[in-house]
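Chemist: Have a look at this one before I ask anything.
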Amino acid sequence: MGTVQDLLTILHHITPEHLAEDWDNVGLLVGDPRQQVHRILLALDPTCQLAEEAVQGQYDLLLTHHPIIFRPLKALRTDTPTGTFLALTTKHQISVIACHTNFDSVPNGVSGHLAISLGLEHIHPLLPAKHDCLEPCGLGQIGTYTSPLSATDFIGRVRQALQPPWLLEAGARPEQVSTVAVCGGSCSDFAELAHKNGVDVFLTSEVKHSVARWAEEAGLWLIDGGHFATENSAMTALQRLLLKESEAMGWNLTVDVAHQEPPLRLVA
């Protein structure tokens, strides 16, 4: 059976840490690299509920997309959500690894999975990575449809792929959609870059008011699919990658994906 360090080595091949943005915090955030790993639980968000699920399920390792420790901690108070999470995982010897913008940047990562889910072809990065990569890496993805879709049909694909609790849009809908840019998570700052690449629509989340107004005037169709919805399904892609690597190593490793709901919901 492998150790936490062995898992870090595998993840370095799948989601190299040097691809993470300078402001990010990825890798082993809690735990001992020498600890053996039998059961892994994957999730988008490091919540207290997730930590409790890991304890109840006797998992050795939590692998989350968003890091539990993002900025330096000045105190570790267990009456806060972060403190509760860290106390639970530490007490029960559950290691915690974050794969954030490094998983965003690989071709089969968050945005790549999103592009494939929408049926796009000839996919390549929207913002190419500055670092070397065996495959074209970078944030966001651009792809095309061989046969253009109507705007309505494209929205149907978005709903099917994301299962979003809502969709927001800005800018005029084009007559047809053939070139699409996507970026899972908060990427509205890439709207101008997407527009310069001649896309018919840019799908992302957490679109700023100023960006929405700019898209309206620039003639870019912009869709906000929600942060959770544009990223969460990629956890199953990461699960498949980990299982494939562990099987190649001859490990009998359990890799599960936790069920999480979006933190935001529409007011009835």
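Labels for the structure tokens follow display order: chains A, B, ..., residues from 1 in each chain, ligands from 1.
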Find the spatial neighbours of stretch 83-87 of chain A, counting only C-alpha atoms, within a cut-off of 12 Å - ignore same-chain residues fewer than 3 positions away - and output them as a ChimeraX atom specification.
Modeler: /A:29-31,45-55,62,67-69,73-80,90-96
Chemist: Would you mind exporting the chosen residues as a tab-separated table (two decimals), in the first residue's frame, restricted to N, CA, C and O atoms?
Modeler:
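New file out_21.tsv:
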```tsv
chain	number	residue	atom	x	y	z
A	29	LEU	N	-1.23	19.85	3.02
A	29	LEU	CA	-1.50	20.94	3.96
A	29	LEU	C	-1.65	20.45	5.39
A	29	LEU	O	-1.45	21.21	6.34
A	30	VAL	N	-2.03	19.19	5.56
A	30	VAL	CA	-2.19	18.59	6.88
A	30	VAL	C	-1.71	17.14	6.79
A	30	VAL	O	-2.06	16.44	5.84
A	31	GLY	N	-0.93	16.71	7.77
A	31	GLY	CA	-0.58	15.29	7.85
A	31	GLY	C	0.88	14.98	7.70
A	31	GLY	O	1.73	15.86	7.57
A	45	ASP	N	-14.84	21.25	-1.85
A	45	ASP	CA	-14.66	22.20	-0.74
A	45	ASP	C	-14.29	21.51	0.57
A	45	ASP	O	-14.94	20.52	0.95
A	46	PRO	N	-13.31	22.03	1.30
A	46	PRO	CA	-12.92	21.46	2.58
A	46	PRO	C	-13.81	21.97	3.72
A	46	PRO	O	-13.44	22.87	4.47
A	47	THR	N	-14.98	21.39	3.86
A	47	THR	CA	-15.94	21.81	4.87
A	47	THR	C	-15.84	20.94	6.12
A	47	THR	O	-15.30	19.82	6.08
A	48	CYS	N	-16.43	21.43	7.21
A	48	CYS	CA	-16.48	20.64	8.44
A	48	CYS	C	-17.29	19.37	8.23
A	48	CYS	O	-16.95	18.31	8.76
A	49	GLN	N	-18.35	19.47	7.45
A	49	GLN	CA	-19.16	18.29	7.14
A	49	GLN	C	-18.33	17.24	6.41
A	49	GLN	O	-18.47	16.04	6.66
A	50	LEU	N	-17.45	17.69	5.52
A	50	LEU	CA	-16.58	16.77	4.80
A	50	LEU	C	-15.61	16.09	5.77
A	50	LEU	O	-15.37	14.87	5.68
A	51	ALA	N	-15.04	16.85	6.70
A	51	ALA	CA	-14.12	16.28	7.68
A	51	ALA	C	-14.82	15.22	8.53
A	51	ALA	O	-14.26	14.15	8.81
A	52	GLU	N	-16.06	15.49	8.94
A	52	GLU	CA	-16.83	14.53	9.72
A	52	GLU	C	-17.13	13.27	8.91
A	52	GLU	O	-17.08	12.15	9.43
A	53	GLU	N	-17.42	13.45	7.62
A	53	GLU	CA	-17.66	12.31	6.75
A	53	GLU	C	-16.40	11.45	6.63
A	53	GLU	O	-16.47	10.22	6.61
A	54	ALA	N	-15.26	12.11	6.55
A	54	ALA	CA	-13.99	11.38	6.47
A	54	ALA	C	-13.72	10.58	7.74
A	54	ALA	O	-13.21	9.45	7.69
A	55	VAL	N	-14.06	11.15	8.88
A	55	VAL	CA	-13.89	10.45	10.15
A	55	VAL	C	-14.81	9.23	10.20
A	55	VAL	O	-14.38	8.11	10.53
A	62	LEU	N	-7.88	13.22	2.69
A	62	LEU	CA	-8.85	14.10	2.02
A	62	LEU	C	-8.12	14.84	0.92
A	62	LEU	O	-7.07	15.47	1.17
A	67	PRO	N	-8.12	24.85	-1.21
A	67	PRO	CA	-7.27	24.59	-0.04
A	67	PRO	C	-7.90	25.08	1.26
A	67	PRO	O	-8.47	26.17	1.31
A	68	ILE	N	-7.77	24.26	2.32
A	68	ILE	CA	-8.28	24.65	3.63
A	68	ILE	C	-7.43	25.77	4.23
A	68	ILE	O	-7.94	26.63	4.95
A	69	ILE	N	-6.15	25.77	3.93
A	69	ILE	CA	-5.26	26.85	4.38
A	69	ILE	C	-4.86	27.64	3.13
A	69	ILE	O	-4.09	27.17	2.30
A	73	LEU	N	-2.17	31.41	8.73
A	73	LEU	CA	-3.01	31.47	9.92
A	73	LEU	C	-2.28	32.17	11.05
A	73	LEU	O	-1.15	31.82	11.38
A	74	LYS	N	-2.91	33.17	11.64
A	74	LYS	CA	-2.32	33.86	12.79
A	74	LYS	C	-2.70	33.18	14.10
A	74	LYS	O	-2.06	33.41	15.13
A	75	ALA	N	-3.74	32.37	14.06
A	75	ALA	CA	-4.17	31.62	15.24
A	75	ALA	C	-4.94	30.40	14.77
A	75	ALA	O	-5.53	30.39	13.68
A	76	LEU	N	-4.95	29.35	15.59
A	76	LEU	CA	-5.71	28.15	15.28
A	76	LEU	C	-6.77	27.98	16.35
A	76	LEU	O	-6.57	27.36	17.38
A	77	ARG	N	-7.91	28.59	16.09
A	77	ARG	CA	-9.03	28.54	17.03
A	77	ARG	C	-10.04	27.51	16.57
A	77	ARG	O	-10.51	27.55	15.42
A	78	THR	N	-10.37	26.60	17.45
A	78	THR	CA	-11.27	25.51	17.08
A	78	THR	C	-12.75	25.89	17.18
A	78	THR	O	-13.62	25.03	17.02
A	79	ASP	N	-13.02	27.17	17.45
A	79	ASP	CA	-14.41	27.64	17.39
A	79	ASP	C	-14.71	28.31	16.06
A	79	ASP	O	-15.71	28.98	15.90
A	80	THR	N	-13.83	28.11	15.08
A	80	THR	CA	-14.03	28.61	13.72
A	80	THR	C	-14.13	27.41	12.77
A	80	THR	O	-13.64	26.31	13.09
A	90	THR	N	-6.62	16.44	12.14
A	90	THR	CA	-5.39	16.17	12.88
A	90	THR	C	-5.63	15.11	13.96
A	90	THR	O	-4.84	14.16	14.11
A	91	LYS	N	-6.72	15.25	14.70
A	91	LYS	CA	-7.05	14.30	15.77
A	91	LYS	C	-7.18	12.88	15.24
A	91	LYS	O	-6.74	11.91	15.87
A	92	HIS	N	-7.79	12.74	14.06
A	92	HIS	CA	-8.05	11.41	13.50
A	92	HIS	C	-7.02	11.00	12.45
A	92	HIS	O	-7.24	10.03	11.71
A	93	GLN	N	-5.91	11.72	12.40
A	93	GLN	CA	-4.78	11.40	11.51
A	93	GLN	C	-5.24	11.24	10.05
A	93	GLN	O	-4.90	10.29	9.37
A	94	ILE	N	-6.00	12.23	9.62
A	94	ILE	CA	-6.44	12.29	8.23
A	94	ILE	C	-5.62	13.37	7.52
A	94	ILE	O	-5.69	14.54	7.88
A	95	SER	N	-4.84	12.97	6.56
A	95	SER	CA	-4.04	13.94	5.81
A	95	SER	C	-4.92	14.71	4.84
A	95	SER	O	-5.97	14.21	4.40
A	96	VAL	N	-4.50	15.92	4.50
A	96	VAL	CA	-5.27	16.78	3.60
A	96	VAL	C	-4.35	17.34	2.52
A	96	VAL	O	-3.32	17.96	2.83
```
Chemist: Pick out the residues sitting within 12 Å of A:Pro125, and hand them over as number ranges by chain; count only C-alpha atoms, and ignore anything fewer than 3 positions along from it in its own chain.
Modeler: A: 104-112, 115, 122, 128-130, 135-143, 180-183, 190, 193-194, 197
Chemist: As a PyMOL selection string, please: all residues of stretch 186-261 of chain A that backbone DSSP puts in strand (DSSP E or B).
Modeler: chain A and resi 186+201-205+221-224+254-257
Chemist: Among stretch 46-242 of chain A, which residues carry a DSSP assignment of alpha helix (DSSP H), reported as a PyMOL selection string?
Modeler: chain A and resi 48-56+81-91+101-105+110-117+151-162+191-196+209-218+227-232+234-242
Chemist: Which residues, written as a CSV table (one decimal) with all heavy atoms, in the first residue's frame, have at least one atom at most 9 Å from A:Ala20, with only C-alpha atoms counted and residues fewer than 3 positions away on the same chain left out?
Modeler:
```csv
chain,number,residue,atom,x,y,z
A,15,THR,N,-1.1,16.5,-11.7
A,15,THR,CA,-1.4,17.9,-11.5
A,15,THR,C,-0.1,18.5,-11.0
A,15,THR,O,0.0,18.8,-9.8
A,15,THR,CB,-2.5,18.2,-10.6
A,15,THR,OG1,-2.2,17.6,-9.3
A,15,THR,CG2,-3.8,17.6,-11.1
A,16,PRO,N,0.9,18.7,-11.8
A,16,PRO,CA,2.2,19.2,-11.3
A,16,PRO,C,2.0,20.5,-10.5
A,16,PRO,O,1.4,21.5,-10.9
A,16,PRO,CB,3.0,19.5,-12.6
A,16,PRO,CG,2.4,18.6,-13.6
A,16,PRO,CD,0.9,18.5,-13.2
A,17,GLU,N,2.7,20.6,-9.3
A,17,GLU,CA,2.5,21.7,-8.4
A,17,GLU,C,3.1,23.0,-9.0
A,17,GLU,O,2.7,24.1,-8.6
A,17,GLU,CB,3.1,21.4,-7.0
A,17,GLU,CG,2.3,20.4,-6.2
A,17,GLU,CD,2.8,20.3,-4.8
A,17,GLU,OE1,3.6,21.2,-4.3
A,17,GLU,OE2,2.5,19.3,-4.1
A,23,TRP,N,0.0,32.8,-6.1
A,23,TRP,CA,-0.8,33.2,-4.9
A,23,TRP,C,-1.5,32.0,-4.3
A,23,TRP,O,-2.1,32.1,-3.2
A,23,TRP,CB,-1.8,34.2,-5.3
A,23,TRP,CG,-2.6,33.9,-6.5
A,23,TRP,CD1,-2.4,34.3,-7.8
A,23,TRP,CD2,-3.7,33.0,-6.6
A,23,TRP,NE1,-3.3,33.8,-8.7
A,23,TRP,CE2,-4.2,32.9,-8.0
A,23,TRP,CE3,-4.4,32.2,-5.7
A,23,TRP,CZ2,-5.2,32.2,-8.5
A,23,TRP,CZ3,-5.5,31.4,-6.2
A,23,TRP,CH2,-5.9,31.4,-7.5
A,24,ASP,N,-1.4,30.8,-4.9
A,24,ASP,CA,-2.1,29.6,-4.5
A,24,ASP,C,-1.4,28.9,-3.3
A,24,ASP,O,-0.2,29.2,-3.1
A,24,ASP,CB,-2.4,28.7,-5.7
A,24,ASP,CG,-3.6,27.8,-5.5
A,24,ASP,OD1,-4.2,27.9,-4.4
A,24,ASP,OD2,-3.9,27.1,-6.4
A,25,ASN,N,-2.1,27.9,-2.7
A,25,ASN,CA,-1.5,27.1,-1.7
A,25,ASN,C,-1.9,25.6,-2.0
A,25,ASN,O,-3.0,25.3,-1.6
A,25,ASN,CB,-1.9,27.5,-0.3
A,25,ASN,CG,-1.1,26.9,0.8
A,25,ASN,OD1,0.1,26.5,0.6
A,25,ASN,ND2,-1.7,26.7,1.9
A,26,VAL,N,-1.0,24.8,-2.5
A,26,VAL,CA,-1.4,23.5,-2.9
A,26,VAL,C,-0.4,22.5,-2.3
A,26,VAL,O,0.6,22.8,-1.7
A,26,VAL,CB,-1.4,23.3,-4.5
A,26,VAL,CG1,-2.4,24.3,-5.1
A,26,VAL,CG2,0.0,23.5,-5.1
A,99,CYS,N,-5.4,20.3,-4.5
A,99,CYS,CA,-5.0,20.4,-5.9
A,99,CYS,C,-5.9,21.5,-6.5
A,99,CYS,O,-7.0,21.2,-6.9
A,99,CYS,CB,-5.2,19.1,-6.7
A,99,CYS,SG,-4.0,17.9,-6.3
A,100,HIS,N,-5.4,22.7,-6.5
A,100,HIS,CA,-6.3,23.9,-6.9
A,100,HIS,C,-5.9,24.3,-8.3
A,100,HIS,O,-6.3,23.7,-9.3
A,100,HIS,CB,-6.1,25.0,-5.9
A,100,HIS,CG,-7.1,26.1,-6.0
A,100,HIS,ND1,-6.9,27.3,-5.5
A,100,HIS,CD2,-8.3,26.1,-6.5
A,100,HIS,CE1,-7.9,28.1,-5.7
A,100,HIS,NE2,-8.8,27.3,-6.3
A,101,THR,N,-5.2,25.4,-8.4
A,101,THR,CA,-4.9,25.9,-9.8
A,101,THR,C,-4.0,25.0,-10.6
A,101,THR,O,-3.9,25.2,-11.8
A,101,THR,CB,-4.3,27.4,-9.7
A,101,THR,OG1,-3.2,27.4,-8.8
A,101,THR,CG2,-5.4,28.4,-9.2
A,102,ASN,N,-3.3,24.1,-9.9
A,102,ASN,CA,-2.5,23.1,-10.7
A,102,ASN,C,-3.5,22.2,-11.4
A,102,ASN,O,-3.2,21.8,-12.5
A,102,ASN,CB,-1.5,22.4,-9.8
A,102,ASN,CG,-2.1,21.9,-8.5
A,102,ASN,OD1,-3.0,22.4,-8.0
A,102,ASN,ND2,-1.5,20.8,-8.0
A,103,PHE,N,-4.6,21.8,-10.8
A,103,PHE,CA,-5.6,21.0,-11.4
A,103,PHE,C,-6.4,21.8,-12.4
A,103,PHE,O,-6.9,21.2,-13.4
A,103,PHE,CB,-6.5,20.4,-10.4
A,103,PHE,CG,-7.5,19.3,-10.9
A,103,PHE,CD1,-7.1,18.4,-11.8
A,103,PHE,CD2,-8.8,19.3,-10.5
A,103,PHE,CE1,-7.9,17.4,-12.3
A,103,PHE,CE2,-9.7,18.4,-11.0
A,103,PHE,CZ,-9.2,17.4,-11.9
A,104,ASP,N,-6.5,23.1,-12.2
A,104,ASP,CA,-7.2,24.0,-13.2
A,104,ASP,C,-6.4,24.0,-14.5
A,104,ASP,O,-6.9,24.2,-15.6
A,104,ASP,CB,-7.3,25.4,-12.7
A,104,ASP,CG,-8.3,25.6,-11.6
A,104,ASP,OD1,-9.3,24.8,-11.6
A,104,ASP,OD2,-8.1,26.4,-10.7
A,105,SER,N,-5.1,23.9,-14.4
A,105,SER,CA,-4.2,24.2,-15.6
A,105,SER,C,-3.9,23.0,-16.5
A,105,SER,O,-3.4,23.2,-17.6
A,105,SER,CB,-2.9,24.8,-15.0
A,105,SER,OG,-3.1,26.0,-14.4
```
Chemist: So what do you get for atom CA of A:Glu231 versus atom CA of A:Phe154, distance-wise?
Modeler: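 Straight-line distance from atom CA of A:Glu231 to atom CA of A:Phe154 works out to 18.3 Å.
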Chemist: Show which residues sit within 9 Å of A:Tyr59, as a PyMOL selection string. Count only C-alpha atoms, and ignore same-chain residues fewer than 6 positions away.
Modeler: chain A and resi 37-41+53+94+254
Chemist: So how many Å separate atom CA of A:Asn252 and atom CA of A:Met1, to one decimal?
Modeler: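 Rounded to one decimal, the two atoms are 7.2 Å apart.
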Chemist: Leaving out A:Lys208 and any residue of its chain fewer than 3 positions from it, which residues lie within 12 Å of it when counting only C-alpha atoms, given as a list in words?
Modeler: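 Non-adjacent residues within range: Leu168, Glu169, Ala170, Ser186, Cys187, Ser188, Asp189, Phe190, Ala191, Thr204, Ser205, Val211, Ala212, Arg213, Trp214, Ala215, Leu222, Ile223 and Asp224 of chain A.
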Chemist: Pick from A:Leu28, A:Leu88, A:Leu42, A:Leu118: nearest to A:Ala237, with only C-alpha atoms counted?
Modeler: A:Leu42
Chemist: Closest to A:Glu206 among A:Val257, A:Leu126, A:Leu266, A:Leu167, using only C-alpha atoms?
Modeler: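 Checking each of A:Val257, A:Leu126, A:Leu266, A:Leu167 against A:Glu206, counting only C-alpha atoms, the winner is A:Leu167.
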Chemist: For a quick check of understanding, using only C-alpha atoms, which of A:Leu8, A:His124, A:Pro263, A:Val255 has the smallest distance to A:Leu241?
Modeler: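 Comparing A:Leu8, A:His124, A:Pro263, A:Val255 against A:Leu241, the winner is A:Val255.
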Chemist: Nearest to A:Ile123: which of A:Gly198, A:Ser210, A:Leu162, A:Tyr145 is it, counting only C-alpha atoms?
Modeler: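 Looking at the shortest contact to A:Ile123, the residue is A:Tyr145.
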Chemist: Name all residues at most 7 Å from A:Gln35 (count only C-alpha atoms; drop same-chain ones fewer than 3 positions away) and give them as a ChimeraX atom specification.
Modeler: /A:3-4,32
Chemist: Since we have the selection now, will you write its residues out, keeping all heavy atoms, as a PDB file, in the first residue's frame?
Modeler:
```pdb
ATOM      1  N   THR A   3       1.943   5.409   0.468  1.00  0.00           N
ATOM      2  CA  THR A   3       1.945   6.413   1.527  1.00  0.00           C
ATOM      3  C   THR A   3       1.431   7.745   0.970  1.00  0.00           C
ATOM      4  O   THR A   3       1.217   7.887  -0.234  1.00  0.00           O
ATOM      5  CB  THR A   3       3.360   6.615   2.084  1.00  0.00           C
ATOM      6  OG1 THR A   3       4.197   7.137   1.028  1.00  0.00           O
ATOM      7  CG2 THR A   3       3.944   5.299   2.608  1.00  0.00           C
ATOM      8  N   VAL A   4       1.269   8.699   1.871  1.00  0.00           N
ATOM      9  CA  VAL A   4       0.886  10.041   1.441  1.00  0.00           C
ATOM     10  C   VAL A   4       1.908  10.581   0.450  1.00  0.00           C
ATOM     11  O   VAL A   4       1.554  11.205  -0.552  1.00  0.00           O
ATOM     12  CB  VAL A   4       0.747  10.979   2.658  1.00  0.00           C
ATOM     13  CG1 VAL A   4       0.560  12.419   2.200  1.00  0.00           C
ATOM     14  CG2 VAL A   4      -0.422  10.547   3.534  1.00  0.00           C
ATOM     15  N   ASP A  32       1.152  13.678   7.715  1.00  0.00           N
ATOM     16  CA  ASP A  32       2.504  13.129   7.684  1.00  0.00           C
ATOM     17  C   ASP A  32       2.712  12.415   6.354  1.00  0.00           C
ATOM     18  O   ASP A  32       1.956  11.492   6.017  1.00  0.00           O
ATOM     19  CB  ASP A  32       2.665  12.138   8.853  1.00  0.00           C
ATOM     20  CG  ASP A  32       4.077  11.581   8.975  1.00  0.00           C
ATOM     21  OD1 ASP A  32       4.875  11.684   8.020  1.00  0.00           O
ATOM     22  OD2 ASP A  32       4.384  11.016  10.048  1.00  0.00           O
TER      23      ASP A  32
END
```
Chemist: Any idea what the distance is between atom CA of A:Ser178 and atom CA of A:Thr144?
Modeler: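 Separation between atom CA of A:Ser178 and atom CA of A:Thr144: 5.4 Å.
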Chemist: Using only C-alpha atoms, which residue out of A:Leu19, A:Val201, A:Leu238, A:Met249 lies closest to A:His65?
Modeler: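 Closest residue, counting only C-alpha atoms: A:Leu238.
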Chemist: Restricting the calculation to only C-alpha atoms: of A:Trp221, A:Gly57, A:His66, A:Ala258, which residue gets closest to A:Gln239?
Modeler: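 Result for the nearest residue to A:Gln239: A:Ala258.
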